[in-house]
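S.K.: Sharing upload_14.cif (mmCIF, C-alpha atoms) below.
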```cif
data_structure
loop_
_atom_site.label_atom_id
_atom_site.label_comp_id
_atom_site.auth_asym_id
_atom_site.auth_seq_id
_atom_site.Cartn_x
_atom_site.Cartn_y
_atom_site.Cartn_z
CA MET A 1 -11.58 3.80 13.27
CA VAL A 2 -11.43 6.53 10.65
CA ASP A 3 -12.38 5.51 7.10
CA ALA A 4 -12.79 1.85 7.95
CA TRP A 5 -13.74 0.79 4.45
CA ALA A 6 -13.93 -2.84 3.34
CA ALA A 7 -10.19 -2.90 2.58
CA ALA A 8 -9.50 -2.53 6.32
CA ARG A 9 -11.88 -5.28 7.45
CA SER A 10 -9.07 -7.61 8.55
CA LEU A 11 -8.01 -4.96 11.07
CA VAL A 12 -11.61 -4.37 12.13
CA LEU A 13 -12.11 -8.09 12.75
CA LYS A 14 -8.87 -8.34 14.71
CA PHE A 15 -10.04 -5.63 17.14
CA LEU A 16 -13.45 -7.29 17.38
CA GLU A 17 -11.79 -10.61 18.26
CA GLN A 18 -10.26 -8.88 21.28
CA GLY A 19 -13.66 -7.76 22.51
CA SER A 20 -13.43 -4.19 21.30
CA SER A 21 -16.40 -2.19 20.13
CA ILE A 22 -15.63 -0.04 17.11
CA VAL A 23 -17.10 3.31 16.17
CA ARG A 24 -16.69 3.99 12.47
CA VAL A 25 -15.89 7.60 11.52
CA GLN A 26 -16.12 8.65 7.87
CA SER A 27 -13.87 11.64 7.21
CA THR A 28 -15.85 12.87 4.18
CA ARG A 29 -19.56 13.16 3.49
CA ASP A 30 -19.28 11.37 0.13
CA VAL A 31 -17.88 7.88 -0.41
CA PRO A 32 -14.56 8.07 -2.31
CA TYR A 33 -14.44 6.52 -5.77
CA LEU A 34 -12.11 3.73 -4.61
CA TYR A 35 -14.64 2.32 -2.12
CA ARG A 36 -17.97 2.72 -3.90
CA ALA A 37 -18.06 -0.88 -5.14
CA SER A 38 -17.57 -2.39 -1.65
CA PRO A 39 -17.93 0.19 1.14
CA TYR A 40 -17.97 -1.63 4.52
CA VAL A 41 -19.97 -4.03 6.70
CA PRO A 42 -22.28 -1.97 8.94
CA GLU A 43 -22.73 -4.83 11.43
CA ASP A 44 -19.04 -4.55 12.39
CA PHE A 45 -19.61 -1.20 14.11
CA VAL A 46 -21.58 0.05 17.10
CA ALA A 47 -21.99 3.45 15.45
CA ASP A 48 -21.27 5.19 12.16
CA ILE A 49 -20.38 8.88 12.33
CA VAL A 50 -20.07 10.84 9.09
CA HIS A 51 -18.04 14.03 9.39
CA ASP A 52 -19.89 16.78 7.54
CA GLY A 53 -17.37 19.54 8.14
CA ASP A 54 -18.38 20.48 11.70
CA LEU A 55 -15.32 19.38 13.66
CA GLU A 56 -16.73 20.22 17.09
CA ALA A 57 -19.84 18.16 16.44
CA THR A 58 -17.81 15.17 15.21
CA VAL A 59 -15.40 15.34 18.16
CA ALA A 60 -18.35 15.48 20.58
CA ALA A 61 -20.06 12.54 18.86
CA VAL A 62 -16.91 10.42 19.09
CA LYS A 63 -16.14 11.51 22.65
CA ALA A 64 -19.56 10.26 23.79
CA PHE A 65 -18.30 6.70 23.29
CA ALA A 66 -15.27 7.25 25.59
CA PRO A 67 -12.79 5.84 23.06
CA VAL A 68 -9.44 4.38 24.14
CA ALA A 69 -7.81 4.72 20.71
CA VAL A 70 -8.21 6.36 17.32
CA VAL A 71 -6.93 4.32 14.36
CA ALA A 72 -6.76 5.18 10.66
CA GLY A 73 -8.53 2.48 8.66
CA GLY A 74 -6.91 3.55 5.41
CA GLU A 75 -4.88 6.19 3.61
CA SER A 76 -7.76 8.68 3.32
CA GLY A 77 -8.28 8.62 7.08
CA VAL A 78 -4.72 9.37 8.20
CA GLU A 79 -5.04 13.12 8.70
CA PHE A 80 -8.47 13.05 10.34
CA ALA A 81 -7.34 10.25 12.67
CA ASP A 82 -4.40 12.43 13.69
CA LEU A 83 -6.77 15.32 14.38
CA LEU A 84 -9.29 13.28 16.35
CA ALA A 85 -6.61 11.64 18.52
CA GLU A 86 -5.09 15.03 19.25
CA ARG A 87 -8.44 16.61 20.15
CA LEU A 88 -9.39 13.65 22.36
CA GLY A 89 -6.02 13.45 24.11
CA LEU A 90 -5.38 9.89 22.91
CA PRO A 91 -2.11 8.34 21.66
CA GLY A 92 -1.49 9.60 18.16
CA ASN A 93 1.01 11.14 15.80
CA GLY A 94 -0.11 14.74 16.23
CA THR A 95 -1.10 17.14 13.49
CA ALA A 96 2.15 19.07 12.97
CA LEU A 97 3.36 16.64 10.30
CA SER A 98 0.01 15.24 9.19
CA ALA A 99 0.29 16.79 5.73
CA ALA A 100 3.77 15.30 5.25
CA ARG A 101 2.36 11.87 6.03
CA ARG A 102 0.01 12.20 3.06
CA ASP A 103 1.56 14.60 0.53
CA LYS A 104 4.30 12.83 -1.48
CA HIS A 105 6.34 16.00 -1.96
CA LEU A 106 6.21 17.15 1.68
CA MET A 107 6.96 13.58 2.73
CA VAL A 108 10.22 13.37 0.82
CA GLU A 109 11.25 16.87 1.89
CA ALA A 110 10.73 15.95 5.55
CA VAL A 111 12.94 12.89 5.05
CA ARG A 112 15.60 15.03 3.36
CA ALA A 113 15.44 17.62 6.17
CA ALA A 114 16.19 14.82 8.64
CA GLY A 115 19.47 14.15 6.82
CA LEU A 116 18.32 10.93 5.17
CA ARG A 117 18.74 9.97 1.54
CA ALA A 118 15.80 11.28 -0.47
CA ALA A 119 14.86 11.47 -4.14
CA ARG A 120 15.37 14.67 -6.09
CA GLN A 121 11.97 16.09 -6.88
CA LEU A 122 9.82 18.99 -8.04
CA ARG A 123 6.29 20.05 -7.12
CA VAL A 124 4.91 20.70 -10.58
CA THR A 125 2.54 23.53 -11.42
CA ASP A 126 3.99 24.61 -14.76
CA THR A 127 4.83 22.57 -17.87
CA ASP A 128 7.81 24.70 -18.90
CA GLU A 129 9.36 24.37 -15.44
CA LEU A 130 8.84 20.59 -15.51
CA ALA A 131 10.38 20.21 -18.96
CA ALA A 132 13.43 22.26 -17.96
CA TRP A 133 13.82 20.31 -14.70
CA HIS A 134 13.63 16.97 -16.51
CA ARG A 135 16.20 18.07 -19.10
CA GLU A 136 18.59 19.17 -16.37
CA LEU A 137 18.09 16.01 -14.32
CA GLY A 138 18.29 13.65 -17.31
CA GLY A 139 17.24 10.02 -17.38
CA ARG A 140 13.88 8.67 -16.26
CA VAL A 141 11.42 10.67 -14.15
CA VAL A 142 8.36 9.54 -12.20
CA VAL A 143 5.35 11.86 -12.33
CA LYS A 144 2.50 11.13 -9.89
CA PRO A 145 -0.41 12.67 -7.99
CA PRO A 146 0.49 14.27 -4.65
CA ARG A 147 -2.01 12.29 -2.56
CA SER A 148 -3.22 9.19 -4.40
CA ALA A 149 -2.51 5.50 -3.75
CA GLY A 150 -2.44 2.09 -5.44
CA SER A 151 0.03 3.40 -8.06
CA ARG A 152 -2.97 4.98 -9.82
CA GLY A 153 -1.85 7.87 -12.02
CA VAL A 154 1.88 7.10 -11.73
CA PHE A 155 3.84 7.65 -14.97
CA PHE A 156 7.42 6.65 -15.81
CA CYS A 157 8.75 9.22 -18.25
CA ASP A 158 11.95 9.03 -20.28
CA THR A 159 11.68 12.41 -22.01
CA PRO A 160 10.56 15.91 -20.97
CA GLU A 161 7.71 15.60 -23.47
CA GLU A 162 6.45 12.46 -21.73
CA SER A 163 6.68 14.20 -18.35
CA VAL A 164 4.65 17.15 -19.62
CA ALA A 165 1.99 14.82 -21.06
CA ALA A 166 1.80 12.94 -17.73
CA PHE A 167 1.44 16.17 -15.80
CA ARG A 168 -1.38 17.35 -18.03
CA SER A 169 -3.31 14.11 -17.48
CA ILE A 170 -2.86 14.31 -13.69
CA ALA A 171 -3.01 17.99 -12.75
CA ASP A 172 -6.72 18.69 -13.06
CA ALA A 173 -8.00 15.15 -12.40
CA ASP A 174 -9.28 13.63 -9.15
CA ASN A 175 -7.30 10.98 -7.29
CA ILE A 176 -8.79 7.63 -6.24
CA PHE A 177 -10.10 9.25 -3.06
CA SER A 178 -12.22 11.64 -5.18
CA GLN A 179 -10.04 14.62 -4.23
CA PRO A 180 -8.56 17.01 -6.84
CA ASN A 181 -4.87 16.48 -7.51
CA LYS A 182 -4.10 20.20 -7.88
CA GLY A 183 -0.86 19.57 -9.71
CA ALA A 184 1.64 16.73 -9.57
CA VAL A 185 4.96 15.64 -8.13
CA ALA A 186 7.95 14.76 -10.34
CA GLN A 187 10.74 12.66 -8.83
CA GLU A 188 13.90 11.06 -10.07
CA TYR A 189 13.48 7.39 -10.91
CA LEU A 190 15.20 5.27 -8.28
CA PRO A 191 17.00 2.18 -9.62
CA GLY A 192 17.15 -1.05 -7.66
CA THR A 193 14.81 -3.57 -6.08
CA GLU A 194 11.77 -2.14 -4.33
CA TYR A 195 10.79 -3.51 -0.93
CA MET A 196 7.65 -3.08 1.12
CA VAL A 197 8.44 -2.63 4.80
CA ASN A 198 5.63 -2.90 7.36
CA THR A 199 5.96 -1.60 10.90
CA VAL A 200 3.96 -0.81 14.03
CA SER A 201 4.95 1.80 16.62
CA ARG A 202 4.01 2.73 20.15
CA ASP A 203 5.36 5.74 22.07
CA GLY A 204 7.98 6.27 19.38
CA ARG A 205 9.31 2.71 19.60
CA HIS A 206 9.14 0.90 16.27
CA HIS A 207 8.76 -2.79 15.48
CA LEU A 208 9.49 -4.39 12.11
CA CYS A 209 6.61 -6.76 11.27
CA ASP A 210 7.54 -8.01 7.78
CA VAL A 211 9.45 -7.16 4.60
CA TRP A 212 8.42 -8.05 1.03
CA ARG A 213 10.53 -8.02 -2.13
CA THR A 214 8.62 -6.81 -5.17
CA GLY A 215 8.80 -8.38 -8.61
CA ARG A 216 8.42 -6.03 -11.57
CA LEU A 217 8.05 -6.08 -15.32
CA THR A 218 7.35 -3.77 -18.24
CA ALA A 219 3.84 -4.35 -19.63
CA ASN A 220 0.91 -2.48 -21.14
CA GLY A 221 2.99 0.66 -21.54
CA VAL A 222 4.02 0.71 -17.85
CA VAL A 223 7.78 0.55 -17.35
CA ASP A 224 7.80 -0.59 -13.73
CA LEU A 225 4.63 -2.58 -13.07
CA CYS A 226 4.58 -4.64 -9.86
CA ASP A 227 3.28 -8.18 -10.34
CA ALA A 228 4.58 -10.05 -7.28
CA LEU A 229 5.46 -9.71 -3.60
CA SER A 230 7.67 -12.27 -1.87
CA LEU A 231 8.03 -12.50 1.90
CA THR A 232 11.65 -11.94 2.95
CA ASP A 233 13.06 -13.51 6.12
CA SER A 234 14.44 -11.06 8.69
CA ALA A 235 17.79 -12.89 8.55
CA SER A 236 18.28 -11.74 4.95
CA ARG A 237 21.19 -9.28 4.57
CA VAL A 238 18.95 -6.65 3.00
CA VAL A 239 16.59 -6.41 5.98
CA GLU A 240 18.87 -4.65 8.48
CA PRO A 241 19.63 -1.59 6.31
CA LEU A 242 15.98 -1.43 5.26
CA ARG A 243 14.84 -1.57 8.89
CA ASP A 244 17.31 1.07 10.08
CA TYR A 245 16.40 3.45 7.27
CA ALA A 246 12.64 2.81 7.71
CA PHE A 247 12.78 3.59 11.43
CA GLN A 248 14.58 6.86 10.70
CA VAL A 249 11.88 7.73 8.14
CA LEU A 250 9.19 7.07 10.75
CA ASP A 251 10.97 9.43 13.14
CA ALA A 252 11.35 12.07 10.43
CA LEU A 253 7.60 11.96 9.73
CA GLY A 254 6.56 11.91 13.39
CA ILE A 255 5.02 8.43 13.22
CA ARG A 256 5.11 7.43 16.88
CA HIS A 257 1.94 5.35 17.13
CA GLY A 258 0.30 2.75 14.95
CA PRO A 259 1.06 0.91 11.71
CA ALA A 260 3.01 2.17 8.72
CA HIS A 261 3.61 0.81 5.24
CA LEU A 262 6.85 1.96 3.59
CA GLU A 263 7.96 1.45 0.00
CA ILE A 264 11.74 1.67 -0.24
CA ARG A 265 14.14 1.19 -3.13
CA MET A 266 17.44 -0.49 -2.38
CA THR A 267 19.53 1.62 -4.75
CA PRO A 268 23.27 1.16 -5.38
CA GLN A 269 23.78 3.99 -2.87
CA GLY A 270 21.56 2.40 -0.25
CA PRO A 271 17.90 2.60 0.80
CA CYS A 272 15.79 5.49 -0.51
CA LEU A 273 12.13 6.17 0.20
CA VAL A 274 9.51 5.95 -2.51
CA GLU A 275 6.62 6.76 -0.17
CA VAL A 276 5.04 5.80 3.15
CA GLY A 277 1.49 5.36 4.39
CA ALA A 278 0.77 5.90 8.10
CA ARG A 279 -1.71 3.01 8.12
CA ILE A 280 -1.95 -0.75 7.71
CA ALA A 281 -0.59 -2.28 4.49
CA GLY A 282 -3.16 -2.93 1.77
CA GLY A 283 -3.53 -5.64 -0.83
CA GLY A 284 -4.06 -8.43 1.69
CA ILE A 285 -0.40 -8.20 2.75
CA PRO A 286 -1.05 -8.53 6.52
CA ASP A 287 -3.14 -11.66 6.00
CA CYS A 288 -0.41 -13.26 3.90
CA ALA A 289 2.26 -12.20 6.39
CA GLY A 290 0.26 -13.94 9.08
CA LEU A 291 0.23 -17.14 7.03
CA GLY A 292 4.01 -17.08 6.70
CA ILE A 293 5.08 -15.70 10.07
CA GLY A 294 2.23 -16.53 12.41
CA GLU A 295 1.38 -12.87 13.08
CA SER A 296 1.43 -9.57 11.24
CA GLN A 297 0.73 -5.86 11.50
CA LEU A 298 -2.80 -6.80 12.55
CA GLU A 299 -1.82 -8.37 15.87
CA TRP A 300 0.92 -5.82 16.50
CA THR A 301 -1.47 -2.92 15.88
CA VAL A 302 -4.00 -4.33 18.34
CA ASP A 303 -1.25 -4.71 20.93
CA ALA A 304 0.08 -1.21 20.34
CA TYR A 305 -3.29 0.37 21.04
CA LEU A 306 -4.86 -2.02 23.56
CA ARG A 307 -1.91 -3.74 25.28
CA PRO A 308 1.09 -1.37 25.09
CA GLU A 309 2.92 -3.27 27.85
CA ARG A 310 2.81 -6.42 25.72
CA PHE A 311 3.93 -4.45 22.67
CA HIS A 312 6.96 -3.03 24.50
CA ALA A 313 7.87 -6.42 25.96
CA ARG A 314 8.10 -7.96 22.49
CA ALA A 315 9.08 -5.06 20.21
CA GLY A 316 12.38 -5.53 18.41
CA THR A 317 12.17 -9.32 18.34
CA PRO A 318 13.11 -10.39 14.79
CA TYR A 319 10.28 -12.08 12.93
CA ARG A 320 10.95 -15.49 11.48
CA VAL A 321 9.43 -16.93 8.32
CA ARG A 322 7.87 -20.30 9.11
CA ARG A 323 6.46 -20.74 5.60
CA TYR A 324 7.35 -18.64 2.58
CA SER A 325 4.48 -16.60 1.21
CA ALA A 326 4.03 -14.73 -2.06
CA ILE A 327 1.30 -12.69 -3.71
CA PHE A 328 1.01 -12.62 -7.50
CA GLY A 329 -1.19 -10.19 -9.44
CA MET A 330 -2.07 -11.45 -12.91
CA VAL A 331 -1.31 -8.85 -15.58
CA SER A 332 -4.09 -8.65 -18.13
CA PRO A 333 -2.95 -7.56 -21.61
CA VAL A 334 -6.53 -7.51 -22.93
CA GLU A 335 -9.59 -5.30 -22.67
CA GLY A 336 -13.24 -6.22 -23.22
CA VAL A 337 -15.84 -8.54 -21.73
CA LEU A 338 -14.16 -11.56 -20.18
CA GLY A 339 -15.33 -14.93 -21.44
CA GLU A 340 -13.07 -17.20 -19.37
CA TYR A 341 -9.63 -17.67 -17.90
CA ARG A 342 -7.67 -20.45 -19.60
CA GLY A 343 -5.30 -22.34 -17.36
CA ILE A 344 -6.58 -21.60 -13.86
CA GLU A 345 -6.48 -25.34 -13.18
CA GLU A 346 -2.74 -25.36 -13.85
CA ILE A 347 -2.24 -22.60 -11.30
CA GLU A 348 -4.36 -24.43 -8.72
CA ARG A 349 -2.20 -27.53 -9.17
CA LEU A 350 1.03 -25.71 -8.30
CA GLU A 351 2.78 -27.15 -5.25
CA SER A 352 2.71 -23.90 -3.29
CA PHE A 353 -0.79 -22.80 -4.35
CA HIS A 354 -2.80 -21.50 -1.39
CA SER A 355 -5.72 -19.45 -2.69
CA LEU A 356 -7.08 -17.45 -5.59
CA ILE A 357 -8.93 -14.13 -5.41
CA THR A 358 -11.03 -13.40 -8.50
CA LEU A 359 -11.44 -9.65 -8.91
CA VAL A 360 -12.84 -9.82 -12.45
CA LYS A 361 -15.27 -12.66 -13.13
CA PRO A 362 -16.31 -14.07 -16.51
CA GLY A 363 -19.04 -11.88 -17.94
CA GLN A 364 -17.54 -8.74 -16.43
CA ARG A 365 -15.44 -6.14 -18.20
CA ILE A 366 -11.69 -6.68 -17.97
CA CYS A 367 -9.12 -3.97 -18.67
CA ARG A 368 -5.38 -3.95 -19.18
CA THR A 369 -3.46 -4.08 -15.93
CA VAL A 370 -1.65 -0.78 -15.43
CA ASP A 371 -1.58 -0.35 -11.63
CA ASP A 372 -2.37 -2.02 -8.30
CA LEU A 373 -6.11 -1.59 -8.85
CA THR A 374 -6.42 -3.45 -12.17
CA TYR A 375 -5.25 -6.99 -11.43
CA PRO A 376 -8.00 -9.38 -12.59
CA LEU A 377 -6.78 -12.27 -10.42
CA VAL A 378 -4.55 -12.45 -7.35
CA VAL A 379 -2.81 -15.72 -6.47
CA ARG A 380 -1.45 -16.48 -3.01
CA LEU A 381 1.33 -19.00 -2.61
CA LEU A 382 2.61 -20.67 0.57
CA HIS A 383 5.27 -23.33 1.10
CA ASP A 384 8.02 -24.41 3.49
CA LEU A 385 10.67 -23.90 0.81
CA GLU A 386 11.40 -20.51 -0.73
CA GLU A 387 12.66 -22.19 -3.89
CA VAL A 388 9.29 -23.86 -4.49
CA VAL A 389 7.46 -20.55 -4.14
CA GLN A 390 9.88 -18.87 -6.54
CA ARG A 391 9.52 -21.69 -9.07
CA ASP A 392 5.73 -21.41 -8.93
CA LEU A 393 5.90 -17.62 -9.33
CA ASN A 394 7.96 -18.17 -12.48
CA THR A 395 5.40 -20.73 -13.69
CA ILE A 396 2.53 -18.29 -13.21
CA ARG A 397 4.46 -15.67 -15.17
CA HIS A 398 4.83 -18.24 -17.95
CA LEU A 399 1.09 -18.98 -17.95
CA ASP A 400 0.06 -15.32 -17.80
CA GLY A 401 -0.34 -13.60 -21.17
CA GLU A 402 -2.87 -13.16 -23.97
CA ALA A 403 -3.57 -16.90 -24.28
CA PHE A 404 -4.72 -16.97 -20.64
CA TYR A 405 -7.67 -14.65 -21.34
CA ARG A 406 -10.60 -15.35 -23.65
CA LEU A 407 -12.87 -12.43 -24.37
CA ASP A 408 -16.52 -12.86 -25.25
CA GLY A 409 -16.91 -13.25 -28.99
CA GLY A 410 -13.85 -15.49 -29.21
CA ALA A 411 -11.29 -12.69 -29.47
CA ASP A 412 -8.10 -12.91 -27.44
CA SER A 413 -7.18 -9.24 -27.47
#
```
Could you write out this structure as structure tokens?

M.R.:
Amino acid sequence: MVDAWAAARSLVLKFLEQGSSIVRVQSTRDVPYLYRASPYVPEDFVADIVHDGDLEATVAAVKAFAPVAVVAGGESGVEFADLLAERLGLPGNGTALSAARRDKHLMVEAVRAAGLRAARQLRVTDTDELAAWHRELGGRVVVKPPRSAGSRGVFFCDTPEESVAAFRSIADADNIFSQPNKGAVAQEYLPGTEYMVNTVSRDGRHHLCDVWRTGRLTANGVVDLCDALSLTDSASRVVEPLRDYAFQVLDALGIRHGPAHLEIRMTPQGPCLVEVGARIAGGGIPDCAGLGIGESQLEWTVDAYLRPERFHARAGTPYRVRRYSAIFGMVSPVEGVLGEYRGIEEIERLESFHSLITLVKPGQRICRTVDDLTYPLVVRLLHDLEEVVQRDLNTIRHLDGEAFYRLDGGADS
């Protein structure tokens, strides 16, 4: 498993449950910024191979374990997993389109070349060109790093001046994987509800595992901040067009094996890709999907690699929501040293409350929530009735705000 950091541990454990032994391969010598706080659990792996730039040596080291599959543990491992699988002759997505599965600009261009709806965009290297492009396009523009994740460094810009300022802050910075951005990508803003679509593939056959509707708000200077995900039943009218479009995107990007996480806007003109990751969904989504459906990308990924006959026998069967699940990220409007959260007890008393993940504890520094990496608390909800989950989501939104956070020293903001 390439780049099996702590965020991928659910997938690691699922393979271990099936009796697999896992060799961990680290695609870079240094630990990326995103994973330095919680790298991985060494005891999960029979070996840990760090790629130092000598491809032949790394391939030989992996080959010595006679692997049956190569899996990307996270976004940073996608390209190296493609390369290892290809060199070892194992099922994989090949290297011809590896860059397009990581680079946001190449990704959208590959989708457009396949005849699918795709956002208008520009690979930005020059401020004057960006300003002129934004003026000609008009409206809102999204400026983002070419290869980052977690919505880190994504700017929503209403004027050419804002786009230029966003580009300048991104162009020479490193992304969350500690790699230089080397420019930015500007894309038209896509109106409509955004959905997260999770799939697993084997031999070019795709299976839809789960679909989530995102909830969004404007806060802390971010126009389109995601604060909630709600599990959507496959019988919902929106799922079929999302599924059909997603499968075509997978084909366009050469994703024939393994999991994929797609973010798609349902615009007035139909589905349109925001971006896709050729790996398992993050943010605890598979675990929550399992609570609501009974299985998730985790089980389907294990089947795709270890039991392809079982995968093919079941692929295409519509998933059914047994219990409605939702994930809510609290949106901190404050910055400083956290004294306490006010009102957690009210959240824990909600009818659909399932669990609470505390990412920032009292005594630690809390910052304003501006992306997927700065939620201080994550609440998971689960209930038989979708209406109850939605009511409780609304209640949490009501409770969230400056009064919910007390900073040390008695200040609220």

S.K.: Once the PyMOL selection byres ((chain A and resi 347) around 9) has been evaluated on this model, what residues remain selected, and can you format them as an MDAnalysis selection string?

M.R.: chainID A and resid 343:346 348:350 353 379 392 395:396 399

S.K.: Might you spell out which residues the PyMOL selection byres ((chain A and resi 228-238) around 10) would select in the displayed file, as JSON, numbers by chain?

M.R.: {"A": [194, 195, 196, 208, 209, 210, 211, 212, 213, 214, 215, 216, 217, 225, 226, 227, 239, 240, 241, 242, 243, 266, 270, 271, 285, 288, 289, 292, 293, 318, 319, 320, 321, 322, 323, 324, 325, 326, 327, 328, 329, 330, 378, 379, 380, 381, 382, 386, 389, 390, 393, 397]}

S.K.: Interatomic distance between atom CA of A:Gly277 and atom CA of A:Pro146?

M.R.: 12.7 Å

S.K.: Please provide as a VMD selection string all residues within 12 Å of A:Arg147, with the sequence filter that same-chain residues fewer than 4 positions apart are discarded (counting all atoms listed in the file).

M.R.: chain A and resid 75 to 76 78 to 79 99 to 107 151 to 154 170 to 171 173 to 185 275 to 277

S.K.: Restricting the calculation to only C-alpha atoms, which member of A:Val41, A:Leu298, A:Val46, A:Met1 is positioned closest to A:Ala281?

M.R.: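 Ranked by minimum distance to A:Ala281, first place goes to A:Leu298.
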
S.K.: Smallest atom-to-atom distance to A:Ile366: which of A:Gly94, A:Pro191, A:Gly283, A:Gly339, using only C-alpha atoms?

M.R.: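 For A:Ile366, the nearest of the candidates is A:Gly339.
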
S.K.: Quick one, how far is atom CA of A:Asp408 from atom CA of A:Glu340?

M.R.: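 Those two atoms sit 8.1 Å apart.
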